[in-house]
$ cat input_6.pdb   # PDB, C-alpha atoms and all ligand atoms
ATOM      1  CA  MET A   1     116.342  85.993  61.072
ATOM      2  CA  ALA A   2     116.485  88.494  58.213
ATOM      3  CA  ARG A   3     117.068  92.017  59.455
ATOM      4  CA  LEU A   4     115.819  94.924  57.352
ATOM      5  CA  PRO A   5     118.825  97.235  56.885
ATOM      6  CA  VAL A   6     118.716 100.964  57.547
ATOM      7  CA  VAL A   7     120.648 103.603  55.618
ATOM      8  CA  GLY A   8     120.974 106.948  57.361
ATOM      9  CA  GLY A   9     122.034 110.112  55.586
ATOM     10  CA  ASN A  10     123.642 112.470  58.095
ATOM     11  CA  TRP A  11     123.967 115.829  56.380
ATOM     12  CA  LYS A  12     125.720 117.320  59.439
ATOM     13  CA  MET A  13     125.907 121.147  59.342
ATOM     14  CA  ASN A  14     125.648 121.444  55.565
ATOM     15  CA  THR A  15     123.192 122.881  52.998
ATOM     16  CA  ASN A  16     121.318 126.138  52.813
ATOM     17  CA  ARG A  17     117.561 125.924  52.605
ATOM     18  CA  ALA A  18     117.384 125.904  48.802
ATOM     19  CA  GLU A  19     120.044 123.198  48.612
ATOM     20  CA  ALA A  20     118.257 121.153  51.259
ATOM     21  CA  ARG A  21     114.956 121.354  49.417
ATOM     22  CA  ALA A  22     116.580 120.415  46.118
ATOM     23  CA  LEU A  23     118.300 117.433  47.728
ATOM     24  CA  LEU A  24     115.089 116.306  49.421
ATOM     25  CA  SER A  25     113.165 116.405  46.191
ATOM     26  CA  ALA A  26     115.889 114.547  44.295
ATOM     27  CA  LEU A  27     116.032 111.874  47.001
ATOM     28  CA  ARG A  28     112.281 111.440  47.004
ATOM     29  CA  ALA A  29     112.159 111.179  43.212
ATOM     30  CA  ASP A  30     114.925 108.570  43.236
ATOM     31  CA  LEU A  31     114.244 106.504  46.341
ATOM     32  CA  ASP A  32     110.536 106.582  47.177
ATOM     33  CA  GLY A  33     109.234 103.032  47.089
ATOM     34  CA  LEU A  34     112.621 101.371  47.415
ATOM     35  CA  THR A  35     112.211  98.067  49.240
ATOM     36  CA  GLY A  36     114.899  96.046  50.980
ATOM     37  CA  THR A  37     116.098  98.855  53.222
ATOM     38  CA  GLN A  38     114.777 101.664  55.355
ATOM     39  CA  VAL A  39     116.131 105.119  54.561
ATOM     40  CA  ALA A  40     116.394 107.920  57.136
ATOM     41  CA  ILE A  41     117.312 111.404  55.926
ATOM     42  CA  CYS A  42     118.868 113.513  58.703
ATOM     43  CA  PRO A  43     119.106 117.169  57.630
ATOM     44  CA  PRO A  44     120.147 120.054  59.867
ATOM     45  CA  ALA A  45     117.464 120.960  62.419
ATOM     46  CA  PRO A  46     116.252 124.136  60.624
ATOM     47  CA  TRP A  47     115.204 122.014  57.623
ATOM     48  CA  LEU A  48     113.421 119.262  59.548
ATOM     49  CA  GLY A  49     110.020 120.814  58.890
ATOM     50  CA  ASP A  50     110.775 121.066  55.189
ATOM     51  CA  ALA A  51     111.946 117.454  55.203
ATOM     52  CA  ALA A  52     108.800 116.283  57.006
ATOM     53  CA  ASP A  53     106.580 118.108  54.511
ATOM     54  CA  MET A  54     108.522 117.113  51.416
ATOM     55  CA  LEU A  55     108.920 113.438  52.348
ATOM     56  CA  ALA A  56     105.380 112.993  53.726
ATOM     57  CA  GLY A  57     103.649 110.000  52.188
ATOM     58  CA  SER A  58     106.917 108.569  50.846
ATOM     59  CA  THR A  59     108.880 105.590  52.115
ATOM     60  CA  LEU A  60     111.705 107.920  53.189
ATOM     61  CA  ASP A  61     111.931 108.700  56.890
ATOM     62  CA  VAL A  62     113.192 111.881  58.513
ATOM     63  CA  GLY A  63     115.791 111.804  61.271
ATOM     64  CA  ALA A  64     117.382 114.389  63.545
ATOM     65  CA  GLN A  65     121.120 114.564  64.209
ATOM     66  CA  ASP A  66     120.836 115.262  67.928
ATOM     67  CA  VAL A  67     118.346 116.028  70.701
ATOM     68  CA  HIS A  68     118.260 117.315  74.258
ATOM     69  CA  TRP A  69     117.316 114.866  76.984
ATOM     70  CA  GLU A  70     114.867 117.154  78.770
ATOM     71  CA  ALA A  71     111.351 117.496  77.377
ATOM     72  CA  LYS A  72     111.189 121.307  77.663
ATOM     73  CA  GLY A  73     112.484 124.250  79.610
ATOM     74  CA  ALA A  74     115.203 126.878  79.728
ATOM     75  CA  PHE A  75     117.740 125.236  77.387
ATOM     76  CA  THR A  76     118.482 127.914  74.816
ATOM     77  CA  GLY A  77     119.253 126.496  71.408
ATOM     78  CA  ALA A  78     118.177 122.967  72.250
ATOM     79  CA  TYR A  79     115.179 120.943  71.120
ATOM     80  CA  SER A  80     113.550 117.932  72.675
ATOM     81  CA  ALA A  81     112.413 114.470  71.645
ATOM     82  CA  PRO A  82     108.698 115.308  72.076
ATOM     83  CA  MET A  83     109.242 118.277  69.729
ATOM     84  CA  LEU A  84     110.969 116.062  67.191
ATOM     85  CA  ALA A  85     108.125 113.557  67.348
ATOM     86  CA  GLY A  86     106.107 115.865  65.074
ATOM     87  CA  VAL A  87     108.703 115.956  62.302
ATOM     88  CA  ALA A  88     111.131 113.043  62.615
ATOM     89  CA  SER A  89     111.022 109.350  63.363
ATOM     90  CA  TRP A  90     114.755 108.738  63.916
ATOM     91  CA  VAL A  91     117.346 110.516  66.062
ATOM     92  CA  ILE A  92     121.108 109.996  65.987
ATOM     93  CA  VAL A  93     122.496 109.959  69.528
ATOM     94  CA  GLY A  94     126.104 109.871  70.631
ATOM     95  CA  HIS A  95     127.619 110.726  67.255
ATOM     96  CA  SER A  96     131.379 111.030  67.657
ATOM     97  CA  GLU A  97     131.206 114.725  66.718
ATOM     98  CA  ARG A  98     128.812 115.275  69.607
ATOM     99  CA  ARG A  99     131.079 113.280  71.907
ATOM    100  CA  HIS A 100     134.444 114.647  70.825
ATOM    101  CA  VAL A 101     133.751 118.111  69.378
ATOM    102  CA  PHE A 102     131.017 119.127  71.829
ATOM    103  CA  GLY A 103     132.161 117.086  74.815
ATOM    104  CA  GLU A 104     129.004 115.023  75.196
ATOM    105  CA  THR A 105     129.375 112.482  77.982
ATOM    106  CA  SER A 106     128.114 108.908  78.003
ATOM    107  CA  GLU A 107     125.618 109.910  80.685
ATOM    108  CA  GLN A 108     124.203 112.547  78.355
ATOM    109  CA  THR A 109     124.117 110.095  75.441
ATOM    110  CA  ASN A 110     122.232 107.658  77.663
ATOM    111  CA  ALA A 111     119.755 110.353  78.737
ATOM    112  CA  LYS A 112     119.191 111.281  75.083
ATOM    113  CA  LEU A 113     118.654 107.652  74.081
ATOM    114  CA  ARG A 114     116.076 107.204  76.814
ATOM    115  CA  ALA A 115     114.317 110.451  75.907
ATOM    116  CA  VAL A 116     114.141 109.384  72.267
ATOM    117  CA  LEU A 117     112.622 106.016  73.187
ATOM    118  CA  ALA A 118     110.188 107.627  75.617
ATOM    119  CA  ALA A 119     108.971 109.896  72.811
ATOM    120  CA  GLY A 120     108.305 106.876  70.587
ATOM    121  CA  LEU A 121     111.199 107.661  68.228
ATOM    122  CA  ARG A 122     113.981 105.410  66.971
ATOM    123  CA  PRO A 123     117.486 106.124  68.209
ATOM    124  CA  ILE A 124     120.597 105.436  66.160
ATOM    125  CA  LEU A 125     123.239 105.022  68.853
ATOM    126  CA  ALA A 126     126.674 105.747  67.424
ATOM    127  CA  VAL A 127     129.716 104.076  68.951
ATOM    128  CA  GLY A 128     133.316 103.721  67.860
ATOM    129  CA  GLU A 129     136.927 104.032  68.852
ATOM    130  CA  ARG A 130     139.400 106.822  68.193
ATOM    131  CA  ARG A 131     142.669 106.174  66.370
ATOM    132  CA  GLU A 132     144.646 106.046  69.608
ATOM    133  CA  GLU A 133     142.182 103.532  71.016
ATOM    134  CA  THR A 134     142.507 100.939  68.249
ATOM    135  CA  ASP A 135     144.432  98.530  70.462
ATOM    136  CA  ARG A 136     141.542  98.426  72.928
ATOM    137  CA  VAL A 137     138.511  98.607  70.658
ATOM    138  CA  SER A 138     136.712  95.891  72.554
ATOM    139  CA  ASP A 139     136.948  97.784  75.860
ATOM    140  CA  ILE A 140     135.885 101.059  74.246
ATOM    141  CA  LEU A 141     132.839  99.511  72.585
ATOM    142  CA  HIS A 142     131.913  97.636  75.740
ATOM    143  CA  THR A 143     132.073 100.837  77.785
ATOM    144  CA  GLN A 144     130.106 102.869  75.242
ATOM    145  CA  LEU A 145     127.394 100.217  75.030
ATOM    146  CA  THR A 146     127.223  99.674  78.789
ATOM    147  CA  GLU A 147     126.997 103.400  79.498
ATOM    148  CA  GLY A 148     124.772 104.123  76.499
ATOM    149  CA  PHE A 149     122.236 101.507  77.596
ATOM    150  CA  ALA A 150     122.384 102.233  81.325
ATOM    151  CA  GLY A 151     118.996 101.786  82.949
ATOM    152  CA  LEU A 152     117.476  99.740  80.112
ATOM    153  CA  ASP A 153     116.360  96.262  81.082
ATOM    154  CA  ARG A 154     115.634  95.174  77.534
ATOM    155  CA  LEU A 155     116.814  96.136  74.066
ATOM    156  CA  PRO A 156     113.912  97.796  72.247
ATOM    157  CA  ALA A 157     113.453  96.841  68.596
ATOM    158  CA  GLU A 158     113.546 100.571  67.747
ATOM    159  CA  VAL A 159     117.234 100.847  68.605
ATOM    160  CA  VAL A 160     119.780 100.847  65.771
ATOM    161  CA  ILE A 161     123.497 100.926  66.486
ATOM    162  CA  ALA A 162     125.994 102.617  64.186
ATOM    163  CA  TYR A 163     129.546 101.348  64.483
ATOM    164  CA  GLU A 164     131.656 104.296  63.371
ATOM    165  CA  PRO A 165     135.386 104.227  63.998
ATOM    166  CA  VAL A 166     136.180 107.893  64.633
ATOM    167  CA  TRP A 167     139.302 107.760  62.461
ATOM    168  CA  ALA A 168     137.186 106.680  59.485
ATOM    169  CA  ILE A 169     134.676 109.547  59.688
ATOM    170  CA  GLY A 170     135.128 112.144  56.995
ATOM    171  CA  THR A 171     138.694 111.025  56.296
ATOM    172  CA  GLY A 172     138.322 108.723  53.316
ATOM    173  CA  LEU A 173     140.047 106.076  55.451
ATOM    174  CA  ALA A 174     137.165 103.629  55.632
ATOM    175  CA  ALA A 175     137.508 100.474  57.719
ATOM    176  CA  THR A 176     137.924  97.341  55.648
ATOM    177  CA  PRO A 177     134.672  95.398  55.248
ATOM    178  CA  GLU A 178     136.273  92.513  57.163
ATOM    179  CA  ASP A 179     137.248  94.709  60.127
ATOM    180  CA  ALA A 180     133.856  96.434  60.125
ATOM    181  CA  GLN A 181     132.151  93.025  60.086
ATOM    182  CA  ALA A 182     134.294  91.805  62.992
ATOM    183  CA  ARG A 183     133.435  94.893  65.075
ATOM    184  CA  CYS A 184     129.722  94.666  64.295
ATOM    185  CA  ALA A 185     129.736  90.974  65.238
ATOM    186  CA  LEU A 186     131.536  91.891  68.455
ATOM    187  CA  ILE A 187     128.889  94.523  69.215
ATOM    188  CA  ARG A 188     126.178  91.928  68.575
ATOM    189  CA  SER A 189     127.800  89.499  71.017
ATOM    190  CA  MET A 190     128.012  92.279  73.613
ATOM    191  CA  LEU A 191     124.301  93.006  73.127
ATOM    192  CA  ALA A 192     123.522  89.320  73.631
ATOM    193  CA  GLU A 193     125.484  89.366  76.869
ATOM    194  CA  ARG A 194     123.962  92.649  78.081
ATOM    195  CA  PHE A 195     120.385  91.813  77.035
ATOM    196  CA  ASP A 196     119.536  88.487  75.391
ATOM    197  CA  ALA A 197     120.405  86.557  72.245
ATOM    198  CA  PRO A 198     117.116  87.044  70.352
ATOM    199  CA  SER A 199     117.091  90.829  70.715
ATOM    200  CA  ALA A 200     120.796  91.025  69.832
ATOM    201  CA  GLU A 201     120.125  88.927  66.754
ATOM    202  CA  ALA A 202     117.256  91.227  65.749
ATOM    203  CA  CYS A 203     119.152  94.496  66.325
ATOM    204  CA  ARG A 204     120.239  96.421  63.230
ATOM    205  CA  ILE A 205     123.932  97.430  63.318
ATOM    206  CA  GLN A 206     125.181  99.874  60.701
ATOM    207  CA  TYR A 207     128.702 100.643  59.616
ATOM    208  CA  GLY A 208     129.644 104.312  59.226
ATOM    209  CA  GLY A 209     132.851 106.088  58.243
ATOM    210  CA  SER A 210     133.719 107.189  54.699
ATOM    211  CA  VAL A 211     131.034 105.053  53.093
ATOM    212  CA  THR A 212     130.761 105.769  49.366
ATOM    213  CA  ALA A 213     128.893 104.421  46.359
ATOM    214  CA  GLN A 214     132.169 102.715  45.442
ATOM    215  CA  ASN A 215     132.811 100.857  48.713
ATOM    216  CA  ILE A 216     129.263 100.136  49.984
ATOM    217  CA  ASP A 217     129.023  96.678  48.398
ATOM    218  CA  GLY A 218     131.815  95.392  50.622
ATOM    219  CA  TYR A 219     129.890  96.331  53.767
ATOM    220  CA  ALA A 220     126.420  95.486  52.507
ATOM    221  CA  LYS A 221     127.259  91.821  51.992
ATOM    222  CA  GLN A 222     128.660  91.276  55.503
ATOM    223  CA  PRO A 223     126.395  89.154  57.701
ATOM    224  CA  ASP A 224     126.434  91.426  60.763
ATOM    225  CA  ILE A 225     126.272  94.786  58.957
ATOM    226  CA  ASP A 226     122.729  96.019  58.431
ATOM    227  CA  GLY A 227     123.095  99.189  56.416
ATOM    228  CA  ALA A 228     125.178 102.303  56.799
ATOM    229  CA  LEU A 229     125.323 105.720  58.382
ATOM    230  CA  VAL A 230     126.546 108.013  55.637
ATOM    231  CA  GLY A 231     127.930 111.525  56.073
ATOM    232  CA  GLY A 232     129.686 113.192  53.145
ATOM    233  CA  ALA A 233     128.185 110.967  50.435
ATOM    234  CA  SER A 234     124.662 111.671  51.714
ATOM    235  CA  LEU A 235     124.921 115.230  50.350
ATOM    236  CA  ASP A 236     125.101 113.877  46.808
ATOM    237  CA  ALA A 237     121.728 112.516  45.686
ATOM    238  CA  VAL A 238     123.276 110.277  43.041
ATOM    239  CA  ALA A 239     125.831 108.752  45.413
ATOM    240  CA  PHE A 240     123.347 108.342  48.248
ATOM    241  CA  GLY A 241     120.813 106.751  45.903
ATOM    242  CA  ALA A 242     123.432 104.270  44.736
ATOM    243  CA  ILE A 243     124.339 103.443  48.348
ATOM    244  CA  CYS A 244     120.701 102.825  49.291
ATOM    245  CA  ARG A 245     120.137 100.628  46.248
ATOM    246  CA  ALA A 246     123.278  98.611  46.948
ATOM    247  CA  VAL A 247     122.157  97.984  50.528
ATOM    248  CA  ALA A 248     118.646  97.078  49.395
ATOM    249  CA  ALA A 249     119.990  94.620  46.828
ATOM    250  CA  ALA A 250     122.487  92.878  49.128
TER     251      ALA A 250
HETATM  252  P1  LIG B   1     131.325 110.221  56.625
HETATM  253  O1  LIG B   1     130.545 110.479  58.001
HETATM  254  O2  LIG B   1     130.490 109.305  55.788
HETATM  255  O3  LIG B   1     131.483 111.596  56.019
HETATM  256  O4  LIG B   1     132.642 109.601  56.972
HETATM  257  C1  LIG B   1     129.901 109.407  58.626
HETATM  258  C2  LIG B   1     129.210 109.883  59.885
HETATM  259  O5  LIG B   1     129.708 110.805  60.530
HETATM  260  O6  LIG B   1     128.169 109.330  60.248
END

$ encode --input "input_6.pdb" --output "structure tokens"
Amino acid sequence: MARLPVVGGNWKMNTNRAEARALLSALRADLDGLTGTQVAICPPAPWLGDAADMLAGSTLDVGAQDVHWEAKGAFTGAYSAPMLAGVASWVIVGHSERRHVFGETSEQTNAKLRAVLAAGLRPILAVGERREETDRVSDILHTQLTEGFAGLDRLPAEVVIAYEPVWAIGTGLAATPEDAQARCALIRSMLAERFDAPSAEACRIQYGGSVTAQNIDGYAKQPDIDGALVGGASLDAVAFGAICRAVAAA
């Protein structure tokens, strides 16, 4: 079955408002109407409204970088999935920076994933091993998937998984396409075991970690890699456009 890839642009905590608006308009001018991949632009939360307005009516989707699992209440600084439903269609959950910089637990990632699905949004569940865990990648991924999907009895078609080895994020030390393919295939086999073969086969699995316009072709042609989650290169409209086109053409 052909899976439609997804390219996510995770801007992280970068851009001021003018820069964000300029980037959004450049991305729309370049990428609106691109077929062969979905594109989800994930700006910082303060610019989500701008992104929703500026990308409305285009083929580019808006995504959030995080979410709180509760729907509302006394959670200063947080925002919920029902709130995001008005401005975004994708939400990254369990990014390694949330897990390792902010101490997010697997239980919290799971609660976020479920909240995102309950709000009718599409979660991008990020998983991946740290450098010191490379000799037990399989166990780490198995644990992250098991805990991330706790309480789900089926794998919804809305779920995308991003395989992002932590050591490759923002370091320029990208995984080789062959290693990334092997990990994504491993994740797919774990999904088949946890859920069922057809939904595992249909699930989009991205690679993330130092993806650039120069190295994207290597990932895009791998059979189990369905797009990319892009950090640093997503802040450059030319580079991100080239990445999206390479994925679409693969
Ligand atoms: P990077 O970030 O492309 O800058 O390595 C990827 C990510 O964090 O999703």

$ resolve_selection --input "input_6.pdb" --expression "the PyMOL selection byres (((chain A and resi 143) around 12) and not hetatm)" --output "MDAnalysis selection string"
chainID A and resid 105:107 110 127:129 136:142 144:150 187 190:191 194

$ residues_near_point --input "input_6.pdb" --point "(126.2, 104.4, 69.5)" --cutoff "6 Å" --atoms "all atoms listed in the file" --output "PyMOL selection string"
chain A and resi 94+125-127+161-162

$ residues_near_ligand --input "input_6.pdb" --ligand "ligand LIG 1 (chain B)" --cutoff "10 Å" --atoms "only C-alpha atoms and all ligand atoms" --output "ChimeraX atom specification"
/A:8-12,65,92,95-97,126,162-174,206-212,228-235

$ atom_distance --input "input_6.pdb" --atom1 "atom CA of Pro177 of chain A" --atom2 "atom CA of Ala220 of chain A"
8.7 Å

$ resolve_selection --input "input_6.pdb" --expression "the PyMOL selection byres (((chain A and resi 123) around 7) and not hetatm)" --output "list in words"
Trp90, Val91, Ile92, Val93, Leu113, Val116, Leu117, Leu121, Arg122, Ile124, Leu125, Glu158, Val159 and Val160 of chain A

$ atom_distance --input "input_6.pdb" --atom1 "atom CA of Gln38 of chain A" --atom2 "atom CA of Phe102 of chain A"
29.0 Å

$ closest_residue --input "input_6.pdb" --among "A:Pro156, A:Gly36, A:Gly151, A:Pro44" --to "Leu4 of chain A" --atoms "all atoms listed in the file"
A:Gly36

$ closest_residue --input "input_6.pdb" --among "A:Ala175, A:Val6, A:Met54, A:Val39" --to "Gly241 of chain A" --atoms "all atoms listed in the file"
A:Val39

$ decode --input "input_6.pdb" --residues "segment 70-88 of chain A" --atoms "N, CA and C atoms" --output "PDB file, in the first residue's frame"
ATOM      1  N   GLU A  70      -4.787  17.949  29.716  1.00  0.00           N
ATOM      2  CA  GLU A  70      -6.110  18.324  30.221  1.00  0.00           C
ATOM      3  C   GLU A  70      -6.778  19.269  29.220  1.00  0.00           C
ATOM      4  N   ALA A  71      -8.093  19.305  29.236  1.00  0.00           N
ATOM      5  CA  ALA A  71      -8.823  20.139  28.280  1.00  0.00           C
ATOM      6  C   ALA A  71      -8.827  21.613  28.683  1.00  0.00           C
ATOM      7  N   LYS A  72      -8.859  21.876  30.001  1.00  0.00           N
ATOM      8  CA  LYS A  72      -8.850  23.266  30.483  1.00  0.00           C
ATOM      9  C   LYS A  72      -8.575  23.254  31.974  1.00  0.00           C
ATOM     10  N   GLY A  73      -8.359  24.430  32.524  1.00  0.00           N
ATOM     11  CA  GLY A  73      -8.204  24.513  33.970  1.00  0.00           C
ATOM     12  C   GLY A  73      -7.018  25.347  34.386  1.00  0.00           C
ATOM     13  N   ALA A  74      -6.625  25.192  35.646  1.00  0.00           N
ATOM     14  CA  ALA A  74      -5.574  26.009  36.240  1.00  0.00           C
ATOM     15  C   ALA A  74      -4.205  25.410  35.919  1.00  0.00           C
ATOM     16  N   PHE A  75      -3.745  25.620  34.696  1.00  0.00           N
ATOM     17  CA  PHE A  75      -2.449  25.106  34.233  1.00  0.00           C
ATOM     18  C   PHE A  75      -1.718  26.255  33.538  1.00  0.00           C
ATOM     19  N   THR A  76      -1.238  27.173  34.338  1.00  0.00           N
ATOM     20  CA  THR A  76      -0.640  28.405  33.816  1.00  0.00           C
ATOM     21  C   THR A  76       0.420  28.119  32.756  1.00  0.00           C
ATOM     22  N   GLY A  77       0.274  28.771  31.638  1.00  0.00           N
ATOM     23  CA  GLY A  77       1.263  28.631  30.569  1.00  0.00           C
ATOM     24  C   GLY A  77       0.962  27.516  29.594  1.00  0.00           C
ATOM     25  N   ALA A  78       0.014  26.670  29.922  1.00  0.00           N
ATOM     26  CA  ALA A  78      -0.260  25.514  29.059  1.00  0.00           C
ATOM     27  C   ALA A  78      -1.446  25.801  28.136  1.00  0.00           C
ATOM     28  N   TYR A  79      -1.590  24.966  27.125  1.00  0.00           N
ATOM     29  CA  TYR A  79      -2.734  25.076  26.221  1.00  0.00           C
ATOM     30  C   TYR A  79      -3.153  23.668  25.832  1.00  0.00           C
ATOM     31  N   SER A  80      -4.436  23.543  25.532  1.00  0.00           N
ATOM     32  CA  SER A  80      -5.003  22.195  25.395  1.00  0.00           C
ATOM     33  C   SER A  80      -5.277  21.815  23.944  1.00  0.00           C
ATOM     34  N   ALA A  81      -5.547  20.536  23.751  1.00  0.00           N
ATOM     35  CA  ALA A  81      -5.879  20.035  22.409  1.00  0.00           C
ATOM     36  C   ALA A  81      -7.166  20.661  21.874  1.00  0.00           C
ATOM     37  N   PRO A  82      -8.230  20.783  22.676  1.00  0.00           N
ATOM     38  CA  PRO A  82      -9.428  21.454  22.129  1.00  0.00           C
ATOM     39  C   PRO A  82      -9.138  22.895  21.704  1.00  0.00           C
ATOM     40  N   MET A  83      -8.232  23.584  22.415  1.00  0.00           N
ATOM     41  CA  MET A  83      -7.869  24.943  21.989  1.00  0.00           C
ATOM     42  C   MET A  83      -7.133  24.905  20.652  1.00  0.00           C
ATOM     43  N   LEU A  84      -6.234  23.947  20.524  1.00  0.00           N
ATOM     44  CA  LEU A  84      -5.454  23.847  19.287  1.00  0.00           C
ATOM     45  C   LEU A  84      -6.336  23.505  18.097  1.00  0.00           C
ATOM     46  N   ALA A  85      -7.449  22.814  18.370  1.00  0.00           N
ATOM     47  CA  ALA A  85      -8.296  22.356  17.265  1.00  0.00           C
ATOM     48  C   ALA A  85      -8.754  23.512  16.376  1.00  0.00           C
ATOM     49  N   GLY A  86      -8.784  24.736  16.920  1.00  0.00           N
ATOM     50  CA  GLY A  86      -9.174  25.881  16.097  1.00  0.00           C
ATOM     51  C   GLY A  86      -8.081  26.396  15.182  1.00  0.00           C
ATOM     52  N   VAL A  87      -6.828  26.036  15.457  1.00  0.00           N
ATOM     53  CA  VAL A  87      -5.730  26.632  14.681  1.00  0.00           C
ATOM     54  C   VAL A  87      -4.764  25.626  14.062  1.00  0.00           C
ATOM     55  N   ALA A  88      -4.762  24.405  14.552  1.00  0.00           N
ATOM     56  CA  ALA A  88      -3.774  23.423  14.084  1.00  0.00           C
ATOM     57  C   ALA A  88      -4.464  22.109  13.768  1.00  0.00           C
TER      58      ALA A  88
END
